[in-house]
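Coordinates as given in upload.cif (mmCIF, C-alpha atoms):
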```cif
data_upload
loop_
_atom_site.group_PDB
_atom_site.id
_atom_site.type_symbol
_atom_site.label_atom_id
_atom_site.label_comp_id
_atom_site.auth_asym_id
_atom_site.auth_seq_id
_atom_site.Cartn_x
_atom_site.Cartn_y
_atom_site.Cartn_z
ATOM 1 C CA THR A 5 -10.125 -13.240 8.925
ATOM 2 C CA TYR A 6 -6.876 -12.144 7.365
ATOM 3 C CA ASN A 7 -3.926 -11.749 9.724
ATOM 4 C CA PHE A 8 -1.586 -9.043 8.441
ATOM 5 C CA GLY A 9 0.896 -9.819 11.217
ATOM 6 C CA THR A 10 1.587 -13.370 10.053
ATOM 7 C CA ASP A 11 1.456 -13.132 6.261
ATOM 8 C CA GLY A 12 5.213 -12.680 5.855
ATOM 9 C CA PHE A 13 5.123 -8.996 4.948
ATOM 10 C CA PRO A 14 6.742 -6.668 7.492
ATOM 11 C CA ALA A 15 4.694 -3.855 8.992
ATOM 12 C CA ALA A 16 5.016 -0.491 7.235
ATOM 13 C CA ALA A 17 6.631 0.984 10.343
ATOM 14 C CA THR A 18 9.523 -1.487 10.162
ATOM 15 C CA SER A 19 10.200 -1.256 6.452
ATOM 16 C CA ALA A 20 10.124 1.395 3.775
ATOM 17 C CA ASN A 21 8.803 -1.172 1.317
ATOM 18 C CA LEU A 22 5.446 -2.789 2.064
ATOM 19 C CA CYS A 23 5.915 -5.405 -0.627
ATOM 20 C CA LEU A 24 8.793 -7.364 0.885
ATOM 21 C CA ALA A 25 7.907 -10.801 2.137
ATOM 22 C CA THR A 26 9.579 -14.030 3.051
ATOM 23 C CA GLY A 27 10.313 -16.208 0.071
ATOM 24 C CA VAL A 28 11.438 -15.256 -3.398
ATOM 25 C CA ARG A 29 10.237 -11.800 -4.353
ATOM 26 C CA GLY A 30 8.106 -12.222 -7.436
ATOM 27 C CA GLY A 31 7.739 -15.962 -6.891
ATOM 28 C CA VAL A 32 4.343 -17.614 -7.208
ATOM 29 C CA ASP A 33 3.824 -17.995 -3.455
ATOM 30 C CA TRP A 34 4.936 -14.422 -2.826
ATOM 31 C CA MET A 35 2.594 -13.083 -5.528
ATOM 32 C CA ARG A 36 -0.337 -15.066 -4.128
ATOM 33 C CA LYS A 37 0.265 -13.650 -0.662
ATOM 34 C CA LEU A 38 0.563 -10.151 -2.058
ATOM 35 C CA ALA A 39 -2.605 -10.536 -4.137
ATOM 36 C CA PHE A 40 -4.520 -11.858 -1.133
ATOM 37 C CA ARG A 41 -3.236 -9.005 1.037
ATOM 38 C CA TYR A 42 -4.345 -6.396 -1.481
ATOM 39 C CA ARG A 43 -7.744 -8.063 -1.923
ATOM 40 C CA ARG A 44 -8.218 -7.748 1.845
ATOM 41 C CA VAL A 45 -7.068 -4.113 1.792
ATOM 42 C CA LYS A 46 -9.530 -3.427 -1.043
ATOM 43 C CA GLU A 47 -12.313 -5.107 0.917
ATOM 44 C CA ILE A 48 -11.611 -2.953 3.982
ATOM 45 C CA TYR A 49 -11.381 0.198 1.856
ATOM 46 C CA ASN A 50 -14.667 -0.511 0.076
ATOM 47 C CA THR A 51 -16.394 -1.367 3.354
ATOM 48 C CA TYR A 52 -15.519 1.949 4.980
ATOM 49 C CA LYS A 53 -15.120 4.327 2.030
ATOM 50 C CA ASN A 54 -18.492 5.946 2.692
ATOM 51 C CA ASN A 55 -18.382 6.207 6.452
ATOM 52 C CA VAL A 56 -15.023 6.329 8.280
ATOM 53 C CA GLY A 57 -14.806 9.956 9.325
ATOM 54 C CA GLY A 58 -18.336 11.137 8.778
ATOM 55 C CA LYS A 59 -21.453 11.348 10.835
ATOM 56 C CA HIS A 60 -23.145 8.316 9.278
ATOM 57 C CA ALA A 61 -24.801 5.942 11.713
ATOM 58 C CA LEU A 62 -23.257 2.969 9.918
ATOM 59 C CA MET A 63 -19.728 4.171 10.726
ATOM 60 C CA TYR A 64 -20.612 4.734 14.343
ATOM 61 C CA SER A 65 -22.069 1.271 14.779
ATOM 62 C CA ALA A 66 -19.460 -0.431 12.568
ATOM 63 C CA GLY A 67 -16.752 0.416 15.078
ATOM 64 C CA LEU A 68 -13.795 1.110 12.802
ATOM 65 C CA LEU A 69 -13.281 4.156 14.975
ATOM 66 C CA GLY A 70 -14.643 3.774 18.467
ATOM 67 C CA PRO A 71 -16.921 6.527 19.811
ATOM 68 C CA ALA A 72 -14.108 8.440 21.533
ATOM 69 C CA LYS A 73 -11.776 8.355 18.508
ATOM 70 C CA ARG A 74 -14.662 9.209 16.207
ATOM 71 C CA GLU A 75 -15.571 12.296 18.206
ATOM 72 C CA ALA A 76 -11.923 13.385 18.491
ATOM 73 C CA TRP A 77 -11.456 12.944 14.737
ATOM 74 C CA LEU A 78 -14.630 14.891 13.905
ATOM 75 C CA GLN A 79 -13.517 17.703 16.221
ATOM 76 C CA LEU A 80 -10.079 17.807 14.603
ATOM 77 C CA ARG A 81 -11.605 17.856 11.121
ATOM 78 C CA ALA A 82 -13.884 20.726 12.147
ATOM 79 C CA GLU A 83 -10.872 22.666 13.410
ATOM 80 C CA ILE A 84 -8.957 21.984 10.188
ATOM 81 C CA GLU A 85 -11.950 23.178 8.165
ATOM 82 C CA ALA A 86 -12.123 26.401 10.197
ATOM 83 C CA LEU A 87 -8.390 27.079 9.806
ATOM 84 C CA THR A 88 -8.341 26.366 6.062
ATOM 85 C CA ASP A 89 -11.516 28.241 5.028
ATOM 86 C CA SER A 90 -13.326 24.944 4.400
ATOM 87 C CA TRP A 91 -10.670 23.661 2.011
ATOM 88 C CA LEU A 92 -11.704 20.014 2.435
ATOM 89 C CA THR A 93 -15.386 20.773 1.871
ATOM 90 C CA LEU A 94 -14.628 22.758 -1.281
ATOM 91 C CA ALA A 95 -12.233 20.099 -2.577
ATOM 92 C CA LEU A 96 -14.832 17.393 -1.955
ATOM 93 C CA LYS A 97 -17.452 19.423 -3.861
ATOM 94 C CA ALA A 98 -15.129 19.760 -6.856
ATOM 95 C CA LEU A 99 -14.147 16.080 -6.757
ATOM 96 C CA THR A 100 -17.803 15.046 -6.439
ATOM 97 C CA LEU A 101 -18.697 17.125 -9.505
ATOM 98 C CA ILE A 102 -15.926 15.476 -11.524
ATOM 99 C CA HIS A 103 -16.925 12.031 -10.214
ATOM 100 C CA SER A 104 -20.542 12.567 -11.294
ATOM 101 C CA ARG A 105 -19.662 13.408 -14.915
ATOM 102 C CA THR A 106 -19.609 10.760 -17.586
ATOM 103 C CA ASN A 107 -16.204 10.138 -19.154
ATOM 104 C CA CYS A 108 -14.478 11.816 -16.190
ATOM 105 C CA VAL A 109 -12.498 10.161 -13.432
ATOM 106 C CA ASN A 110 -10.638 11.225 -10.300
ATOM 107 C CA ILE A 111 -7.147 9.778 -10.028
ATOM 108 C CA LEU A 112 -5.025 10.258 -6.928
ATOM 109 C CA VAL A 113 -1.257 10.009 -7.238
ATOM 110 C CA THR A 114 0.761 10.333 -4.062
ATOM 111 C CA THR A 115 4.358 9.993 -2.961
ATOM 112 C CA THR A 116 3.077 8.344 0.205
ATOM 113 C CA GLN A 117 3.085 4.557 0.422
ATOM 114 C CA LEU A 118 -0.204 3.046 -0.675
ATOM 115 C CA ILE A 119 -1.601 1.850 2.659
ATOM 116 C CA PRO A 120 -1.059 5.164 4.529
ATOM 117 C CA ALA A 121 -2.500 6.992 1.501
ATOM 118 C CA LEU A 122 -5.632 4.819 1.578
ATOM 119 C CA ALA A 123 -6.024 5.493 5.300
ATOM 120 C CA LYS A 124 -5.832 9.248 4.712
ATOM 121 C CA VAL A 125 -8.371 9.081 1.891
ATOM 122 C CA LEU A 126 -10.772 7.232 4.184
ATOM 123 C CA LEU A 127 -10.242 9.516 7.160
ATOM 124 C CA TYR A 128 -10.828 12.649 5.101
ATOM 125 C CA GLY A 129 -14.006 11.214 3.585
ATOM 126 C CA LEU A 130 -12.631 11.094 0.038
ATOM 127 C CA GLY A 131 -13.310 7.404 -0.528
ATOM 128 C CA VAL A 132 -16.606 8.179 -2.250
ATOM 129 C CA VAL A 133 -14.834 10.053 -5.070
ATOM 130 C CA PHE A 134 -11.692 7.921 -5.356
ATOM 131 C CA PRO A 135 -12.279 4.248 -6.157
ATOM 132 C CA ILE A 136 -9.359 2.231 -4.799
ATOM 133 C CA GLU A 137 -8.401 1.294 -8.370
ATOM 134 C CA ASN A 138 -7.676 4.993 -9.034
ATOM 135 C CA ILE A 139 -5.266 5.541 -6.151
ATOM 136 C CA TYR A 140 -1.603 5.153 -6.973
ATOM 137 C CA SER A 141 1.606 5.460 -5.035
ATOM 138 C CA ALA A 142 4.399 7.080 -7.031
ATOM 139 C CA THR A 143 6.998 5.069 -5.156
ATOM 140 C CA LYS A 144 7.059 2.811 -8.218
ATOM 141 C CA ILE A 145 6.941 5.431 -10.966
ATOM 142 C CA GLY A 146 7.181 3.177 -14.011
ATOM 143 C CA GLU A 147 4.364 0.902 -12.904
ATOM 144 C CA LEU A 148 2.200 3.862 -11.924
ATOM 145 C CA PHE A 149 2.279 5.619 -15.260
ATOM 146 C CA TYR A 150 1.821 2.367 -17.152
ATOM 147 C CA HIS A 151 -1.442 1.749 -15.242
ATOM 148 C CA VAL A 152 -2.628 5.350 -15.670
ATOM 149 C CA VAL A 153 -2.019 5.298 -19.412
ATOM 150 C CA LEU A 154 -3.671 1.881 -19.694
ATOM 151 C CA TYR A 155 -6.689 3.152 -17.715
ATOM 152 C CA LEU A 156 -7.047 6.321 -19.767
ATOM 153 C CA LYS A 157 -7.031 4.342 -23.010
ATOM 154 C CA GLN A 158 -10.161 2.430 -21.926
#
```
Starting from the file, give its structure as C-alpha coordinates.
Amino acid sequence: TYNFGTDGFPAAATSANLCLATGVRGGVDWMRKLAFRYRRVKEIYNTYKNNVGGKHALMYSAGLLGPAKREAWLQLRAEIEALTDSWLTLALKALTLIHSRTNCVNILVTTTQLIPALAKVLLYGLGVVFPIENIYSATKIGELFYHVVLYLKQ
(Lines of atoms letter the chains of each structure in order from A and count residues from 1; the text may use other names and numbers.)
(Lines give C-alpha, C1' and ligand atoms only; values in the text may rest on other atoms or scores of the structure.)
Protein backbone atom coordinates (compact mmCIF):
# COMPACT_ATOMS: atom_id res chain seq x y z
CA THR A 1 0.00 0.00 0.00
CA TYR A 2 1.06 3.56 -0.62
CA ASN A 3 2.34 5.48 2.40
CA PHE A 4 1.54 9.18 2.02
CA GLY A 5 3.49 9.96 5.20
CA THR A 6 6.83 8.78 3.83
CA ASP A 7 6.73 9.79 0.17
CA GLY A 8 8.56 13.09 0.71
CA PHE A 9 5.55 15.35 0.23
CA PRO A 10 4.47 17.28 3.33
CA ALA A 11 0.93 16.90 4.62
CA ALA A 12 -1.54 19.52 3.38
CA ALA A 13 -1.95 20.82 6.93
CA THR A 14 1.74 21.71 7.15
CA SER A 15 2.11 23.33 3.76
CA ALA A 16 0.03 25.47 1.45
CA ASN A 17 1.47 23.61 -1.52
CA LEU A 18 0.81 19.87 -1.77
CA CYS A 19 3.34 19.44 -4.55
CA LEU A 20 6.53 20.19 -2.64
CA ALA A 21 8.76 17.21 -2.03
CA THR A 22 12.31 16.45 -1.12
CA GLY A 23 14.65 16.55 -4.07
CA VAL A 24 14.68 18.86 -7.04
CA ARG A 25 11.22 20.14 -7.86
CA GLY A 26 10.47 19.02 -11.38
CA GLY A 27 13.28 16.47 -11.37
CA VAL A 28 12.67 12.96 -12.66
CA ASP A 29 12.51 11.37 -9.20
CA TRP A 30 10.21 14.11 -7.93
CA MET A 31 7.89 13.74 -10.94
CA ARG A 32 7.75 9.96 -10.50
CA LYS A 33 6.78 10.35 -6.85
CA LEU A 34 4.17 12.93 -7.73
CA ALA A 35 2.75 10.77 -10.53
CA PHE A 36 2.58 7.75 -8.23
CA ARG A 37 0.90 9.82 -5.51
CA TYR A 38 -1.75 11.09 -7.91
CA ARG A 39 -2.34 7.60 -9.32
CA ARG A 40 -3.05 6.44 -5.76
CA VAL A 41 -5.34 9.42 -5.13
CA LYS A 42 -7.19 8.62 -8.37
CA GLU A 43 -7.52 4.98 -7.32
CA ILE A 44 -9.01 5.97 -3.96
CA TYR A 45 -11.35 8.49 -5.60
CA ASN A 46 -12.59 5.98 -8.17
CA THR A 47 -13.04 3.30 -5.51
CA TYR A 48 -15.31 5.45 -3.36
CA LYS A 49 -16.88 7.87 -5.84
CA ASN A 50 -20.18 5.99 -5.82
CA ASN A 51 -20.50 5.26 -2.13
CA VAL A 52 -18.74 7.48 0.44
CA GLY A 53 -21.62 9.45 1.91
CA GLY A 54 -24.60 7.50 0.68
CA LYS A 55 -26.66 4.66 1.96
CA HIS A 56 -25.10 2.01 -0.29
CA ALA A 57 -24.24 -1.26 1.41
CA LEU A 58 -20.84 -1.28 -0.30
CA MET A 59 -19.82 1.95 1.45
CA TYR A 60 -20.95 0.65 4.79
CA SER A 61 -19.00 -2.57 4.48
CA ALA A 62 -16.00 -0.93 2.77
CA GLY A 63 -15.24 1.02 5.92
CA LEU A 64 -13.99 4.31 4.50
CA LEU A 65 -16.27 5.88 7.07
CA GLY A 66 -16.91 3.70 10.07
CA PRO A 67 -20.53 3.15 11.14
CA ALA A 68 -20.54 5.99 13.69
CA LYS A 69 -18.98 8.54 11.31
CA ARG A 70 -21.24 7.36 8.50
CA GLU A 71 -24.37 7.90 10.57
CA ALA A 72 -23.16 11.29 11.82
CA TRP A 73 -22.36 12.37 8.26
CA LEU A 74 -25.74 11.22 6.93
CA GLN A 75 -27.49 13.09 9.75
CA LEU A 76 -25.51 16.25 9.01
CA ARG A 77 -26.28 15.98 5.29
CA ALA A 78 -29.98 15.57 6.07
CA GLU A 79 -29.88 18.70 8.22
CA ILE A 80 -28.07 20.64 5.48
CA GLU A 81 -30.68 19.50 2.96
CA ALA A 82 -33.49 20.68 5.24
CA LEU A 83 -31.87 24.08 5.82
CA THR A 84 -31.09 24.68 2.14
CA ASP A 85 -34.41 23.53 0.61
CA SER A 86 -32.74 20.40 -0.80
CA TRP A 87 -30.05 22.36 -2.63
CA LEU A 88 -27.70 19.37 -2.87
CA THR A 89 -30.42 17.07 -4.20
CA LEU A 90 -31.45 19.60 -6.84
CA ALA A 91 -27.84 20.29 -7.83
CA LEU A 92 -27.17 16.56 -8.14
CA LYS A 93 -30.25 16.16 -10.37
CA ALA A 94 -29.05 18.94 -12.68
CA LEU A 95 -25.49 17.59 -12.77
CA THR A 96 -26.77 14.06 -13.44
CA LEU A 97 -28.84 15.33 -16.37
CA ILE A 98 -25.81 17.08 -17.85
CA HIS A 99 -23.64 14.00 -17.22
CA SER A 100 -26.12 11.76 -19.05
CA ARG A 101 -26.13 13.86 -22.24
CA THR A 102 -23.82 13.08 -25.11
CA ASN A 103 -21.27 15.79 -25.89
CA CYS A 104 -21.77 17.33 -22.43
CA VAL A 105 -19.41 17.22 -19.49
CA ASN A 106 -19.34 18.47 -15.91
CA ILE A 107 -16.15 20.31 -14.99
CA LEU A 108 -15.46 21.44 -11.44
CA VAL A 109 -13.06 24.32 -10.88
CA THR A 110 -12.30 25.26 -7.30
CA THR A 111 -9.99 27.59 -5.43
CA THR A 112 -9.54 24.84 -2.86
CA GLN A 113 -6.46 22.63 -3.08
CA LEU A 114 -7.08 19.49 -5.09
CA ILE A 115 -7.07 16.86 -2.33
CA PRO A 116 -9.54 18.69 -0.02
CA ALA A 117 -11.72 19.38 -3.08
CA LEU A 118 -11.77 15.68 -3.99
CA ALA A 119 -12.72 14.80 -0.41
CA LYS A 120 -15.64 17.24 -0.51
CA VAL A 121 -16.84 15.89 -3.85
CA LEU A 122 -16.83 12.37 -2.41
CA LEU A 123 -18.52 13.32 0.84
CA TYR A 124 -21.31 15.17 -0.93
CA GLY A 125 -21.92 12.26 -3.30
CA LEU A 126 -20.86 14.18 -6.41
CA GLY A 127 -18.22 11.70 -7.54
CA VAL A 128 -20.68 10.01 -9.89
CA VAL A 129 -21.05 13.18 -11.98
CA PHE A 130 -17.49 14.50 -11.76
CA PRO A 131 -14.80 12.15 -13.09
CA ILE A 132 -11.53 12.94 -11.32
CA GLU A 133 -10.05 14.07 -14.64
CA ASN A 134 -12.61 16.91 -14.69
CA ILE A 135 -11.79 18.36 -11.28
CA TYR A 136 -9.32 21.22 -11.26
CA SER A 137 -7.80 23.40 -8.60
CA ALA A 138 -7.41 27.01 -9.68
CA THR A 139 -4.36 27.42 -7.49
CA LYS A 140 -2.34 26.97 -10.68
CA ILE A 141 -4.42 29.07 -13.07
CA GLY A 142 -2.31 28.76 -16.20
CA GLU A 143 -2.13 24.98 -16.06
CA LEU A 144 -5.84 24.72 -15.29
CA PHE A 145 -7.07 26.64 -18.29
CA TYR A 146 -4.60 24.92 -20.59
CA HIS A 147 -6.08 21.53 -19.59
CA VAL A 148 -9.68 22.76 -19.87
CA VAL A 149 -9.11 24.17 -23.35
CA LEU A 150 -7.27 21.01 -24.39
CA TYR A 151 -10.14 18.87 -23.05
CA LEU A 152 -12.84 20.92 -24.76
CA LYS A 153 -11.07 20.64 -28.11
CA GLN A 154 -11.37 16.83 -28.01
Query raised in the report: Counting all atoms listed in the file, what is within 8 Å of segment 51-53 of chain A, bar same-chain residues fewer than 6 positions away, as a list in words?
Result: Met63, Leu126, Gly129, Leu130, Gly131 and Val132 of chain A
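Take the candidates A:Trp34, A:Trp91, A:Tyr49, A:Tyr155 and check each one against Ile136 of chain A using all atoms listed in the file; the shortest distance goes to A:Tyr49.
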Report task. Considering only C-alpha atoms, return as an NGL selection string whatever protein or nucleic-acid residues lie within 10 Å of segment 99-104 of chain A, sequence-local ones (same chain, fewer than 3 positions apart) excluded. Result -> :A and (93-96 or 107-111 or 130 or 132-135)
Query raised in the report: What does the distance between atom CA of Pro71 of chain A and atom CA of Asn55 of chain A come to in Å, to one decimal place?
Result: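 So the two atoms, atom CA of Pro71 of chain A and atom CA of Asn55 of chain A, lie 13.4 Å apart.
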Query raised in the report: At what distance in Å, to one decimal, does atom CA of Leu154 of chain A lie from atom CA of Tyr140 of chain A?
Result: 13.3 Å
Query - For Lys46 of chain A, the nearest of the candidates A:Ala86, A:Arg74, A:Thr143, A:Ile119, counting all atoms listed in the file - result: A:Ile119
Padding of 6 Å on every side, edges along x, y and z, all listed atoms of segment 45-48 of chain A included: what centre and edge lengths in Å, to one decimal, does that box have, as JSON?
```
{"center_x": -9.7, "center_y": -4.0, "center_z": 1.5, "size_x": 17.2, "size_y": 14.2, "size_z": 17.0}
```
